[in-house]
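Colleague: Contents of structure.tsv (TSV, C-alpha atoms and all ligand atoms) are given next:
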```tsv
chain	number	residue	atom	x	y	z
A	161	MET	CA	102.70	120.01	87.55
A	162	ASN	CA	99.61	118.63	85.86
A	163	ILE	CA	98.29	115.15	86.55
A	164	ASP	CA	95.41	114.31	84.23
A	165	GLY	CA	94.79	118.00	83.62
A	166	ARG	CA	94.73	118.98	87.29
A	167	PRO	CA	97.55	121.05	88.80
A	168	TRP	CA	99.14	119.42	91.85
A	169	ARG	CA	101.76	120.28	94.40
A	170	THR	CA	103.40	117.42	96.30
A	171	ILE	CA	102.23	118.71	99.70
A	172	TRP	CA	99.34	120.85	100.91
A	173	LEU	CA	97.52	121.88	104.06
A	174	GLU	CA	94.17	120.11	104.19
A	175	PRO	CA	91.10	122.43	104.20
A	176	ASP	CA	90.38	121.69	107.89
A	177	GLY	CA	93.89	122.94	108.77
A	178	ARG	CA	94.39	119.88	111.01
A	179	ALA	CA	96.38	117.71	108.59
A	180	VAL	CA	98.70	117.79	105.62
A	181	GLY	CA	98.08	116.00	102.34
A	182	VAL	CA	100.86	114.34	100.36
A	183	ILE	CA	101.21	112.06	97.36
A	184	ASP	CA	102.30	108.56	98.41
A	185	GLN	CA	105.51	108.13	96.42
A	186	THR	CA	105.94	104.50	97.49
A	187	ARG	CA	102.94	103.65	95.25
A	188	LEU	CA	104.09	105.46	92.11
A	189	PRO	CA	104.12	104.85	89.20
A	190	HIS	CA	101.64	102.04	89.71
A	191	ALA	CA	99.03	103.98	91.67
A	192	PHE	CA	98.43	107.68	92.32
A	193	GLU	CA	97.28	107.87	95.94
A	194	THR	CA	97.31	110.62	98.50
A	195	ARG	CA	97.85	110.33	102.25
A	196	ARG	CA	96.61	112.48	105.12
A	197	LEU	CA	99.30	113.19	107.72
A	198	ASP	CA	97.56	114.25	110.92
A	199	SER	CA	100.19	113.92	113.64
A	200	LEU	CA	103.88	114.30	114.35
A	201	GLU	CA	104.17	110.52	114.20
A	202	THR	CA	102.55	110.15	110.78
A	203	ALA	CA	104.67	112.99	109.36
A	204	ALA	CA	107.88	111.45	110.73
A	205	ALA	CA	106.90	108.02	109.39
A	206	ALA	CA	106.10	109.48	105.96
A	207	ILE	CA	109.62	110.89	105.73
A	208	ARG	CA	111.30	107.76	107.16
A	209	THR	CA	109.48	105.33	104.86
A	210	MET	CA	109.83	107.65	101.86
A	211	VAL	CA	106.15	108.26	101.26
A	212	VAL	CA	107.69	111.69	100.73
A	213	ARG	CA	111.32	112.03	99.71
A	214	GLY	CA	113.67	114.42	97.96
A	215	ALA	CA	115.57	117.04	99.95
A	216	PRO	CA	113.29	120.09	99.51
A	217	LEU	CA	110.09	118.10	100.03
A	218	ILE	CA	111.26	116.46	103.25
A	219	GLY	CA	112.17	119.93	104.50
A	220	VAL	CA	108.63	121.20	103.93
A	221	THR	CA	107.17	118.02	105.42
A	222	GLY	CA	109.34	118.52	108.48
A	223	ALA	CA	108.07	122.07	108.94
A	224	TYR	CA	104.46	120.88	108.69
A	225	GLY	CA	105.37	118.07	111.09
A	226	LEU	CA	106.24	120.72	113.69
A	227	MET	CA	102.87	122.34	113.07
A	228	LEU	CA	101.12	119.01	113.70
A	229	ALA	CA	103.12	118.46	116.88
A	230	LEU	CA	102.27	121.94	118.16
A	231	GLN	CA	98.57	121.43	117.44
A	232	ALA	CA	98.68	118.50	119.87
A	233	ASP	CA	100.98	120.12	122.45
A	234	PRO	CA	102.36	123.66	122.04
A	235	SER	CA	104.76	123.47	125.01
A	236	ASP	CA	108.51	124.14	124.83
A	237	ASP	CA	109.28	120.51	125.64
A	238	ALA	CA	107.01	119.24	122.86
A	239	LEU	CA	108.61	121.62	120.36
A	240	VAL	CA	112.13	120.45	121.19
A	241	ALA	CA	111.13	116.78	121.16
A	242	ALA	CA	109.27	117.11	117.86
A	243	GLU	CA	112.25	118.74	116.17
A	244	ALA	CA	114.50	115.91	117.37
A	245	THR	CA	112.04	113.25	116.20
A	246	LEU	CA	111.74	114.76	112.74
A	247	LEU	CA	115.46	115.43	112.41
A	248	ALA	CA	116.24	111.79	113.13
A	249	THR	CA	114.12	110.51	110.22
A	250	ARG	CA	116.72	111.09	107.48
A	251	PRO	CA	120.20	112.41	108.20
A	252	THR	CA	121.69	113.44	104.86
A	253	ALA	CA	119.48	116.12	103.30
A	254	VAL	CA	120.30	119.43	104.98
A	255	ASN	CA	116.97	120.92	103.89
A	256	LEU	CA	115.30	119.00	106.71
A	257	ALA	CA	117.52	120.47	109.44
A	258	TRP	CA	117.28	123.90	107.80
A	259	ALA	CA	113.48	123.92	107.61
A	260	LEU	CA	113.07	122.57	111.14
A	261	GLU	CA	115.42	125.16	112.61
A	262	ARG	CA	113.78	127.98	110.65
A	263	THR	CA	110.30	126.94	111.82
A	264	ARG	CA	111.38	126.40	115.44
A	265	ARG	CA	113.05	129.83	115.55
A	266	ARG	CA	109.92	131.42	114.10
A	267	VAL	CA	107.62	129.99	116.78
A	268	GLN	CA	109.64	129.56	119.96
A	269	ALA	CA	109.36	133.15	121.19
A	270	LEU	CA	105.57	133.14	120.75
A	271	PRO	CA	103.01	132.27	123.41
A	272	PRO	CA	102.12	128.55	123.14
A	273	GLY	CA	98.63	129.32	121.88
A	274	GLU	CA	100.00	131.05	118.79
A	275	ARG	CA	102.67	128.54	117.86
A	276	ALA	CA	100.80	126.04	115.68
A	277	ALA	CA	99.37	128.76	113.43
A	278	ALA	CA	102.79	130.39	113.11
A	279	ALA	CA	104.36	127.03	112.21
A	280	ALA	CA	101.69	126.53	109.55
A	281	ALA	CA	102.45	129.96	108.09
A	282	GLU	CA	106.19	129.26	108.10
A	283	ALA	CA	105.77	125.85	106.45
A	284	ALA	CA	103.59	127.43	103.77
A	285	ALA	CA	106.20	130.15	103.21
A	286	ILE	CA	108.98	127.55	102.88
A	287	ALA	CA	106.84	125.66	100.35
A	288	ASP	CA	106.08	128.79	98.31
A	289	GLU	CA	109.72	129.87	98.36
A	290	ASP	CA	110.76	126.41	97.20
A	291	VAL	CA	108.43	126.65	94.21
A	292	ALA	CA	109.84	130.05	93.29
A	293	MET	CA	113.44	128.88	93.68
A	294	CYS	CA	112.86	125.78	91.59
A	295	GLU	CA	111.20	127.78	88.84
A	296	ALA	CA	114.15	130.19	88.80
A	297	ILE	CA	116.55	127.22	88.63
A	298	GLY	CA	114.54	126.11	85.62
A	299	ASP	CA	114.98	129.47	83.91
A	300	HIS	CA	118.74	129.60	84.53
A	301	GLY	CA	119.12	125.98	83.47
A	302	LEU	CA	117.10	126.61	80.32
A	303	ALA	CA	119.51	129.39	79.30
A	304	GLU	CA	122.41	126.95	79.73
A	305	PHE	CA	120.58	124.25	77.77
A	306	ARG	CA	119.94	126.74	74.96
A	307	ARG	CA	123.67	127.48	74.87
A	308	LEU	CA	124.54	123.77	74.75
A	309	HIS	CA	121.91	123.14	72.09
A	310	GLY	CA	123.25	125.98	69.96
A	311	ALA	CA	126.73	124.47	70.20
A	312	LEU	CA	125.76	121.00	68.96
A	313	PRO	CA	127.97	119.87	66.05
A	314	PRO	CA	126.70	120.67	62.51
A	315	GLY	CA	125.47	117.11	61.95
A	316	ARG	CA	123.20	117.34	65.00
A	317	ARG	CA	121.83	120.88	64.62
A	318	GLY	CA	118.17	121.00	65.63
A	319	GLN	CA	118.24	117.51	67.10
A	320	PRO	CA	117.29	116.95	70.73
A	321	LEU	CA	119.75	117.83	73.46
A	322	GLN	CA	120.60	114.54	75.16
A	323	VAL	CA	120.48	114.96	78.93
A	324	LEU	CA	121.17	112.26	81.51
A	325	THR	CA	119.78	112.43	85.04
A	326	HIS	CA	120.11	110.27	88.13
A	327	CYS	CA	117.51	109.55	90.82
A	328	ASN	CA	114.50	111.87	90.98
A	329	ALA	CA	115.20	115.56	91.39
A	330	GLY	CA	111.92	116.56	89.81
A	331	TRP	CA	108.56	117.86	90.86
A	332	LEU	CA	108.07	114.92	93.22
A	333	ALA	CA	111.29	115.68	95.10
A	334	THR	CA	110.31	119.31	95.71
A	335	VAL	CA	106.98	121.13	96.00
A	336	ASP	CA	106.71	121.90	92.29
A	337	TRP	CA	108.96	122.04	89.21
A	338	GLY	CA	111.92	120.14	90.71
A	339	THR	CA	115.58	121.09	90.66
A	340	ALA	CA	117.38	119.04	88.01
A	341	LEU	CA	114.18	118.48	86.04
A	342	ALA	CA	113.05	122.13	86.12
A	343	PRO	CA	115.33	123.16	83.21
A	344	ILE	CA	114.08	120.11	81.30
A	345	TYR	CA	110.43	121.11	81.81
A	346	LYS	CA	111.25	124.68	80.87
A	347	ALA	CA	113.07	123.51	77.73
A	348	HIS	CA	110.23	121.22	76.70
A	349	ARG	CA	107.62	123.94	77.21
A	350	ALA	CA	109.77	126.44	75.30
A	351	GLY	CA	110.04	124.11	72.32
A	352	LEU	CA	113.74	123.34	72.79
A	353	PRO	CA	114.04	119.68	71.80
A	354	VAL	CA	115.32	117.57	74.66
A	355	HIS	CA	115.55	113.84	75.34
A	356	VAL	CA	116.31	112.50	78.81
A	357	TRP	CA	118.27	109.37	79.68
A	358	VAL	CA	116.75	108.28	82.99
A	359	ASP	CA	119.02	106.24	85.29
A	360	GLU	CA	116.86	103.63	86.99
A	361	THR	CA	118.66	104.41	90.30
A	362	ARG	CA	118.89	101.20	92.24
A	363	PRO	CA	118.12	100.25	94.89
A	364	ARG	CA	114.82	102.15	95.19
A	365	ASN	CA	114.53	102.99	91.52
A	366	GLN	CA	113.47	106.60	91.89
A	367	GLY	CA	114.52	107.18	88.28
A	368	ALA	CA	112.60	104.27	86.78
A	369	SER	CA	109.55	104.86	88.99
A	370	LEU	CA	109.34	108.58	89.62
A	371	THR	CA	111.40	110.47	87.04
A	372	ALA	CA	109.99	108.36	84.21
A	373	TYR	CA	106.48	108.93	85.61
A	374	GLU	CA	106.93	112.71	85.82
A	375	LEU	CA	108.50	113.07	82.40
A	376	GLY	CA	105.81	110.90	80.87
A	377	ARG	CA	103.03	113.01	82.40
A	378	GLU	CA	104.63	116.15	80.96
A	379	GLY	CA	105.21	114.52	77.57
A	380	VAL	CA	109.00	114.89	77.71
A	381	PRO	CA	110.77	112.30	75.50
A	382	HIS	CA	112.82	109.99	77.72
A	383	THR	CA	114.36	106.54	77.91
A	384	VAL	CA	115.02	104.54	81.07
A	385	ILE	CA	118.47	102.98	81.28
A	386	VAL	CA	120.16	100.79	83.85
A	387	ASP	CA	122.54	102.67	86.09
A	388	ASN	CA	125.57	101.09	84.45
A	389	ALA	CA	124.70	102.28	80.93
A	390	GLY	CA	125.57	105.97	81.37
A	391	GLY	CA	129.33	105.63	80.91
A	392	HIS	CA	128.85	103.66	77.71
A	393	LEU	CA	126.45	106.28	76.32
A	394	MET	CA	128.89	109.06	77.15
A	395	GLN	CA	131.75	107.24	75.40
A	396	HIS	CA	129.60	107.08	72.28
A	397	GLY	CA	128.64	110.76	72.21
A	398	GLN	CA	125.04	110.13	73.23
A	399	VAL	CA	125.00	112.42	76.27
A	400	ASP	CA	125.37	116.21	75.91
A	401	ALA	CA	124.95	117.02	79.60
A	402	VAL	CA	124.36	115.37	82.95
A	403	ILE	CA	122.14	117.16	85.46
A	404	VAL	CA	121.36	115.97	88.99
A	405	GLY	CA	119.98	117.34	92.24
A	406	THR	CA	121.65	117.29	95.63
A	407	ASP	CA	120.78	116.60	99.25
A	408	ARG	CA	123.57	118.71	100.66
A	409	THR	CA	126.27	120.80	99.01
A	410	THR	CA	129.14	122.13	101.09
A	411	ARG	CA	130.37	125.70	100.91
A	412	ARG	CA	133.27	124.62	98.67
A	413	GLY	CA	130.88	122.89	96.26
A	414	ASP	CA	131.20	119.20	97.17
A	415	VAL	CA	127.91	117.60	96.19
A	416	CYS	CA	126.17	114.85	98.12
A	417	ASN	CA	123.45	113.13	96.13
A	418	LYS	CA	121.87	109.74	95.51
A	419	ILE	CA	124.30	106.81	95.51
A	420	GLY	CA	125.80	106.42	92.04
A	421	THR	CA	126.00	110.13	91.28
A	422	TYR	CA	129.78	110.12	91.80
A	423	LEU	CA	130.27	107.42	89.15
A	424	LYS	CA	128.27	109.50	86.67
A	425	ALA	CA	130.44	112.52	87.44
A	426	LEU	CA	133.61	110.48	86.88
A	427	ALA	CA	132.32	109.18	83.56
A	428	ALA	CA	131.24	112.68	82.52
A	429	HIS	CA	134.67	114.09	83.40
A	430	ASP	CA	136.45	111.36	81.46
A	431	ASN	CA	134.31	112.04	78.40
A	432	GLY	CA	134.22	115.84	78.46
A	433	VAL	CA	130.49	115.90	79.20
A	434	PRO	CA	129.36	118.87	81.35
A	435	PHE	CA	128.08	117.80	84.77
A	436	TYR	CA	125.55	120.18	86.35
A	437	VAL	CA	124.06	120.14	89.83
A	438	ALA	CA	120.79	122.02	90.35
A	439	LEU	CA	119.99	123.24	93.84
A	440	PRO	CA	118.05	125.83	95.80
A	441	SER	CA	120.09	127.73	98.39
A	442	SER	CA	118.30	125.76	101.14
A	443	THR	CA	120.49	122.80	100.13
A	444	ILE	CA	123.80	124.59	100.73
A	445	ASP	CA	125.40	123.67	104.06
A	446	TRP	CA	127.60	126.67	104.80
A	447	THR	CA	128.88	125.01	107.99
A	448	LEU	CA	130.66	122.23	106.09
A	449	GLU	CA	133.61	122.33	103.73
A	450	ASP	CA	134.81	118.78	103.02
A	451	GLY	CA	131.81	116.79	101.85
A	452	LEU	CA	133.53	113.42	101.91
A	453	ALA	CA	134.66	113.77	105.51
A	454	GLU	CA	131.79	115.71	107.00
A	455	ILE	CA	128.42	114.79	105.44
A	456	PRO	CA	126.53	112.02	107.24
A	457	ILE	CA	125.61	109.30	104.76
A	458	GLU	CA	122.35	107.51	105.46
A	459	ALA	CA	122.61	103.70	105.48
A	460	ARG	CA	119.23	102.22	104.66
A	461	ALA	CA	117.81	98.73	105.09
A	462	ALA	CA	119.55	95.82	103.35
A	463	GLU	CA	116.13	94.70	102.07
A	464	GLU	CA	116.19	97.57	99.57
A	465	VAL	CA	119.15	95.79	97.93
A	466	THR	CA	118.10	92.18	98.40
A	467	HIS	CA	114.57	92.79	97.14
A	468	ILE	CA	112.90	94.77	94.39
A	469	GLN	CA	109.34	96.10	94.22
A	470	GLY	CA	107.01	96.15	91.23
A	471	THR	CA	103.54	95.11	90.13
A	472	GLY	CA	102.42	91.51	89.85
A	473	ALA	CA	100.18	90.03	87.15
A	474	ALA	CA	97.09	91.23	89.01
A	475	GLY	CA	98.43	94.78	89.23
A	476	ASP	CA	99.16	94.41	92.92
A	477	LEU	CA	102.41	95.73	94.43
A	478	VAL	CA	104.81	92.87	95.09
A	479	SER	CA	108.33	92.60	96.44
A	480	VAL	CA	110.59	89.84	95.15
A	481	ARG	CA	113.97	88.65	96.39
A	482	LEU	CA	116.99	89.08	94.09
A	483	THR	CA	119.87	87.75	96.15
A	484	PRO	CA	120.71	84.42	97.78
A	485	GLY	CA	119.16	84.38	101.24
A	486	PRO	CA	122.42	84.16	103.20
A	487	SER	CA	124.27	86.95	101.29
A	488	PRO	CA	124.55	90.12	103.33
A	489	ALA	CA	123.86	93.45	101.64
A	490	PHE	CA	125.02	97.01	102.35
A	491	ASN	CA	122.98	100.03	101.34
A	492	PRO	CA	124.60	103.48	101.54
A	493	ALA	CA	121.96	105.83	100.16
A	494	PHE	CA	124.16	108.75	99.07
A	495	ASP	CA	127.67	109.53	97.84
A	496	VAL	CA	129.76	112.65	97.50
A	497	THR	CA	130.98	114.09	94.21
A	498	PRO	CA	133.99	116.36	94.74
A	499	ALA	CA	133.61	119.93	93.50
A	500	ARG	CA	136.37	119.42	90.93
A	501	LEU	CA	134.04	117.13	88.94
A	502	VAL	CA	131.16	119.64	88.85
A	503	THR	CA	130.97	121.93	85.80
A	504	ALA	CA	128.55	124.36	87.48
A	505	LEU	CA	125.97	124.64	90.20
A	506	ILE	CA	122.62	125.89	88.89
A	507	THR	CA	120.94	127.89	91.66
A	508	GLU	CA	117.93	130.18	91.89
A	509	ARG	CA	120.37	133.10	91.54
A	510	GLY	CA	122.11	131.74	88.46
A	511	LEU	CA	125.09	129.55	87.68
A	512	ALA	CA	127.97	129.32	90.13
A	513	ALA	CA	131.35	127.67	89.98
A	514	ALA	CA	131.48	124.74	92.40
A	515	SER	CA	133.74	126.55	94.85
A	516	GLU	CA	133.42	128.76	97.91
A	517	GLU	CA	134.30	131.77	95.79
A	518	GLY	CA	131.65	130.84	93.23
A	519	LEU	CA	128.93	130.39	95.83
A	520	ARG	CA	129.89	133.52	97.79
A	521	ARG	CA	129.70	135.55	94.59
A	522	LEU	CA	125.99	134.69	94.43
A	523	TYR	CA	125.17	134.57	98.13
A	524	GLY	CA	127.48	137.16	99.60
A	601	LIG	O1	116.53	109.13	98.80
A	601	LIG	P1	115.81	110.21	98.06
A	601	LIG	O2	114.86	109.69	97.03
A	601	LIG	O3	115.17	111.20	99.00
A	601	LIG	O4	116.96	110.96	97.29
A	601	LIG	C1	116.66	112.06	96.50
A	601	LIG	C2	117.84	112.60	95.79
A	601	LIG	O5	118.92	112.08	95.86
A	601	LIG	C3	117.64	113.87	95.03
A	601	LIG	O6	118.53	113.93	93.95
A	601	LIG	C4	117.90	115.05	95.97
A	601	LIG	O7	117.11	114.95	97.11
A	601	LIG	C5	117.66	116.33	95.30
A	601	LIG	S1	115.93	116.59	95.16
A	601	LIG	C6	115.57	117.97	94.31
```
Could you quickly redo this structure as structure tokens?
Modeller:
Amino acid sequence: MNIDGRPWRTIWLEPDGRAVGVIDQTRLPHAFETRRLDSLETAAAAIRTMVVRGAPLIGVTGAYGLMLALQADPSDDALVAAEATLLATRPTAVNLAWALERTRRRVQALPPGERAAAAAAEAAAIADEDVAMCEAIGDHGLAEFRRLHGALPPGRRGQPLQVLTHCNAGWLATVDWGTALAPIYKAHRAGLPVHVWVDETRPRNQGASLTAYELGREGVPHTVIVDNAGGHLMQHGQVDAVIVGTDRTTRRGDVCNKIGTYLKALAAHDNGVPFYVALPSSTIDWTLEDGLAEIPIEARAAEEVTHIQGTGAAGDLVSVRLTPGPSPAFNPAFDVTPARLVTALITERGLAAASEEGLRRLYG
């Protein structure tokens, strides 16, 4: 994606090969700042504190985190300990476990002296593959958007396709392009008119902060709405499609994504609005079937609910309290949308029904 005319990825190996660069997503949209991650500890902290976030991106960061750990200590014990440290940072997105296991398997049979370089190569390959998968998701999603746009009622022919999205499943959540936002970028670049309703996505406001930022930089027409507005808009015919990303999708097509996704799927179902989930195959957890029973849901700090972050009059980042001091708060970060509420999964290999049969048809 382009920021002020310069193409960026969300993560890169620094020229000295001793550190990884990332965009600090806790500062967006107020400030565009990069961070240098130069150790296992700084990589793990970046994932935990959401300097980097989004399932595919935390997977790539995890793989580079193993590289950083191996640069300091290439022993078997250090490799095992580093994988455990990184895995513990965020439990829900399966991309993290997948990328860590893939990188560990790639390096563990090598002599210690060769491991860090092999981990770097594997992390770079995971990043490049993620870009390719996301771009392919964009192409498949664009074809579906063209179909929906062509089917708009006569009174709306040629008008923008109204798409609602939740959280941030865009460029910032991946390495480039995004998952749910890739078809939107493809549509915009292809001249297919599209307007995006952006759920603010409390408590951390990834929609209001990150999705709105991305879409604005790409010039995609969009409007930020509070999370509770989506159902109302759907009842009034103002949403043609919902598209979201996912942190883990089970083999039968249950979709775990940012808290609040389930309510959007229910509203979409009630109003006959198609509900799409865009995902690379690295987000499918083939070991799980029942998403509600089996996917670990991250509980994050109560302060994310009791407080909200923004800029003060001087442009400085401030956090203000919303709730009465004594009121407890609970902060589950993800929920599960059952497969029956999902119109289709949009993958790098095309559209699939949200079912084991549908996924196996694409992935064998
Ligand atoms: O808590 P976050 O910001 O990491 O949650 C991100 C999401 O829920 C995304 O929708 C998901 O990771 C898919 S990213 C392409």
Colleague: Using all atoms listed in the file, determine which residues lie at most 8 Å from range 244-257 of chain A, disregarding the query and same-chain residues fewer than 4 positions distant; provide the list as a list in words.
Modeller: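 Close residues of range 244-257 of chain A: Ala204, Ala205, Ile207, Arg208, Ala215, Pro216, Ile218, Gly219, Val220, Gly222, Gly225, Val240, Glu261, Asp407, Arg408, Ser442, Thr443, Ile444, Asp445, Ile455, Pro456, Ile457, Glu458 and Phe494 of chain A.
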Colleague: List as CSV every residue of chain A that is in contact with ligand LIG 601 (chain A), defined as an atom at most 8 Å from one of its atoms (using all atoms listed in the file), together with the nearest atom pair and the distance in Å rounded to one decimal, sorted by chain and then rising number.
Modeller:
```
residue,atom,partner,partner_atom,distance
A:Met210,CA,A:LIG601,O3,7.0
A:Val212,CA,A:LIG601,O3,7.7
A:Arg213,CA,A:LIG601,O3,4.0
A:Gly214,CA,A:LIG601,O7,3.6
A:Ala215,CA,A:LIG601,O7,3.8
A:Pro216,CA,A:LIG601,C6,6.1
A:Leu217,CA,A:LIG601,S1,7.8
A:Ile218,CA,A:LIG601,O3,7.8
A:Ala253,CA,A:LIG601,O7,6.7
A:His326,CA,A:LIG601,O6,7.1
A:Cys327,CA,A:LIG601,O6,5.5
A:Asn328,CA,A:LIG601,O6,5.4
A:Ala329,CA,A:LIG601,C6,3.8
A:Gly330,CA,A:LIG601,C6,6.0
A:Trp331,CA,A:LIG601,C6,7.8
A:Ala333,CA,A:LIG601,S1,4.7
A:Thr334,CA,A:LIG601,C6,5.6
A:Gly338,CA,A:LIG601,C6,5.6
A:Thr339,CA,A:LIG601,C6,4.8
A:Ala340,CA,A:LIG601,C6,6.6
A:Arg364,CA,A:LIG601,O2,7.8
A:Gln366,CA,A:LIG601,O2,6.2
A:Val404,CA,A:LIG601,O6,6.1
A:Gly405,CA,A:LIG601,C5,4.0
A:Thr406,CA,A:LIG601,C5,4.1
A:Asp407,CA,A:LIG601,O7,4.6
A:Asn417,CA,A:LIG601,O5,4.7
A:Lys418,CA,A:LIG601,O5,3.8
A:Ile419,CA,A:LIG601,O5,7.5
A:Ala438,CA,A:LIG601,C6,7.7
A:Leu439,CA,A:LIG601,C6,6.9
A:Ala493,CA,A:LIG601,O1,6.5
A:Phe494,CA,A:LIG601,O5,7.0
```
Colleague: Return the single residue from A:Gly518, A:Pro492, A:Gly391, A:Pro440 that is closest to Arg460 in chain A, with distances computed using only C-alpha atoms.
Modeller: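 Once distances to Arg460 in chain A are computed over only C-alpha atoms, the minimum belongs to A:Pro492.
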Colleague: So how many Å separate CA of Ser479 in chain A and CA of His467 in chain A, to one decimal?
Modeller: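 Here the two named atoms are 6.3 Å from each other.
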Colleague: Could you name the residues that touch range 294-311 of chain A at 6 Å or less, counting all atoms listed in the file, but leaving out those on the same chain fewer than 6 positions away, as JSON, numbers by chain?
Modeller: {"A": [321, 337, 338, 339, 342, 343, 346, 347, 507, 508, 510]}
Colleague: Measure the distance from CA of Ala401 in chain A to CA of Glu464 in chain A in Å and round it to one decimal.
Modeller: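 It comes out at 29.2 Å.
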Colleague: Please work out which residues fall within 12 Å of (132.2, 110.1, 83.0), coordinates as given in the file, with all atoms listed in the file counting, and return them as a ChimeraX atom specification.
Modeller: /A:324,388-397,399-402,420-435,497,501-502
Colleague: Keeping only C-alpha atoms, write the selected residues as a tab-separated table (two decimals), in the coordinates of the input.
Modeller:
```
chain	number	residue	atom	x	y	z
A	324	LEU	CA	121.17	112.26	81.51
A	388	ASN	CA	125.57	101.09	84.45
A	389	ALA	CA	124.70	102.28	80.93
A	390	GLY	CA	125.57	105.97	81.37
A	391	GLY	CA	129.33	105.63	80.91
A	392	HIS	CA	128.85	103.66	77.71
A	393	LEU	CA	126.45	106.28	76.32
A	394	MET	CA	128.89	109.06	77.15
A	395	GLN	CA	131.75	107.24	75.40
A	396	HIS	CA	129.60	107.08	72.28
A	397	GLY	CA	128.64	110.76	72.21
A	399	VAL	CA	125.00	112.42	76.27
A	400	ASP	CA	125.37	116.21	75.91
A	401	ALA	CA	124.95	117.02	79.60
A	402	VAL	CA	124.36	115.37	82.95
A	420	GLY	CA	125.80	106.42	92.04
A	421	THR	CA	126.00	110.13	91.28
A	422	TYR	CA	129.78	110.12	91.80
A	423	LEU	CA	130.27	107.42	89.15
A	424	LYS	CA	128.27	109.50	86.67
A	425	ALA	CA	130.44	112.52	87.44
A	426	LEU	CA	133.61	110.48	86.88
A	427	ALA	CA	132.32	109.18	83.56
A	428	ALA	CA	131.24	112.68	82.52
A	429	HIS	CA	134.67	114.09	83.40
A	430	ASP	CA	136.45	111.36	81.46
A	431	ASN	CA	134.31	112.04	78.40
A	432	GLY	CA	134.22	115.84	78.46
A	433	VAL	CA	130.49	115.90	79.20
A	434	PRO	CA	129.36	118.87	81.35
A	435	PHE	CA	128.08	117.80	84.77
A	497	THR	CA	130.98	114.09	94.21
A	501	LEU	CA	134.04	117.13	88.94
A	502	VAL	CA	131.16	119.64	88.85
```
Colleague: With a distance cut-off of 9 Å and all atoms listed in the file, select the neighbouring residues of Val384 in chain A, excluding the residue or stretch itself and same-chain residues fewer than 6 positions from it, and output the selection as a CSV table (one decimal) with C-alpha atoms, keeping the file's coordinate frame.
Modeller:
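Contents of the output file out.csv:
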```csv
chain,number,residue,atom,x,y,z
A,356,VAL,CA,116.3,112.5,78.8
A,357,TRP,CA,118.3,109.4,79.7
A,358,VAL,CA,116.8,108.3,83.0
A,359,ASP,CA,119.0,106.2,85.3
A,360,GLU,CA,116.9,103.6,87.0
A,367,GLY,CA,114.5,107.2,88.3
A,368,ALA,CA,112.6,104.3,86.8
A,372,ALA,CA,110.0,108.4,84.2
```
Colleague: Go through A:Arg509, A:Gly181, A:Gln398, A:Pro167 and flag the residue nearest Arg316 in chain A, using only C-alpha atoms for the distances.
Modeller: A:Gln398
Colleague: Would you mind telling me which residue in A:Pro271, A:Pro320, A:Pro189, A:Pro353 lies nearest to Leu332 in chain A when using all atoms listed in the file?
Modeller: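 Among A:Pro271, A:Pro320, A:Pro189, A:Pro353, it is A:Pro189 that comes nearest to Leu332 in chain A.
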Colleague: Using only C-alpha atoms, can you tell me which of A:Val211, A:Ala223, A:Leu375, A:Met293 comes closest to Ala259 in chain A?
Modeller: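 Among A:Val211, A:Ala223, A:Leu375, A:Met293, it is A:Ala223 that comes nearest to Ala259 in chain A.
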Colleague: Determine the nearest neighbour of Thr410 in chain A from the options A:Pro363, A:Gly273, A:Gly475, A:Gly451, counting only C-alpha atoms.
Modeller: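 When distances to Thr410 in chain A are compared using only C-alpha atoms, the smallest one comes from A:Gly451.
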Colleague: What gap, in Å, lies between CA of Thr263 in chain A and CA of Pro175 in chain A?
Modeller: 21.1 Å
Colleague: Do you know which residues are at most 7 Å from range 233-236 of chain A counting all atoms listed in the file, after dropping those on the same chain fewer than 3 positions away, and could you put them as a PyMOL selection string?
Modeller: chain A and resi 229-230+239-240+272-273+275-276
Colleague: As JSON, please: the centre and edge lengths in Å, to one decimal, of an axis-aligned box enclosing every listed atom of range 307-325 of chain A with 4 Å added on each side.
Modeller:
```
{"center_x": 122.6, "center_y": 119.9, "center_z": 73.5, "size_x": 18.7, "size_y": 23.2, "size_z": 31.1}
```
Colleague: What residues have an atom no more than 8 Å from (112.7, 89.1, 99.8) in the file's own frame, counting all atoms listed in the file, and can you write them as a list of chain:residue names?
Modeller: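 Applying the cut-off with all atoms listed in the file, one gets A:Glu463, A:Thr466, A:His467, A:Ile468, A:Ser479, A:Val480, A:Arg481, A:Leu482.
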Colleague: Between A:Leu260, A:Val291, A:Ile183, A:Ala232, which has the minimum distance to Asp336 in chain A (counting all atoms listed in the file)?
Modeller: A:Val291
Colleague: Excluding Gly524 in chain A and any residue of its chain fewer than 4 positions from it, enumerate the residues within 12 Å of it, using all atoms listed in the file, and give them as a list in words.
Modeller: Arg411, Trp446, Arg509, Glu516, Glu517, Gly518, Leu519 and Arg520 of chain A
Colleague: Store the residues of this selection in a file with C-alpha atoms, as a PDB file, keeping the file's coordinate frame.
Modeller:
```pdb
ATOM      1  CA  ARG A 411     130.370 125.700 100.910  1.00  0.00           C
ATOM      2  CA  TRP A 446     127.600 126.670 104.800  1.00  0.00           C
ATOM      3  CA  ARG A 509     120.370 133.100  91.540  1.00  0.00           C
ATOM      4  CA  GLU A 516     133.420 128.760  97.910  1.00  0.00           C
ATOM      5  CA  GLU A 517     134.300 131.770  95.790  1.00  0.00           C
ATOM      6  CA  GLY A 518     131.650 130.840  93.230  1.00  0.00           C
ATOM      7  CA  LEU A 519     128.930 130.390  95.830  1.00  0.00           C
ATOM      8  CA  ARG A 520     129.890 133.520  97.790  1.00  0.00           C
TER       9      ARG A 520
END
```
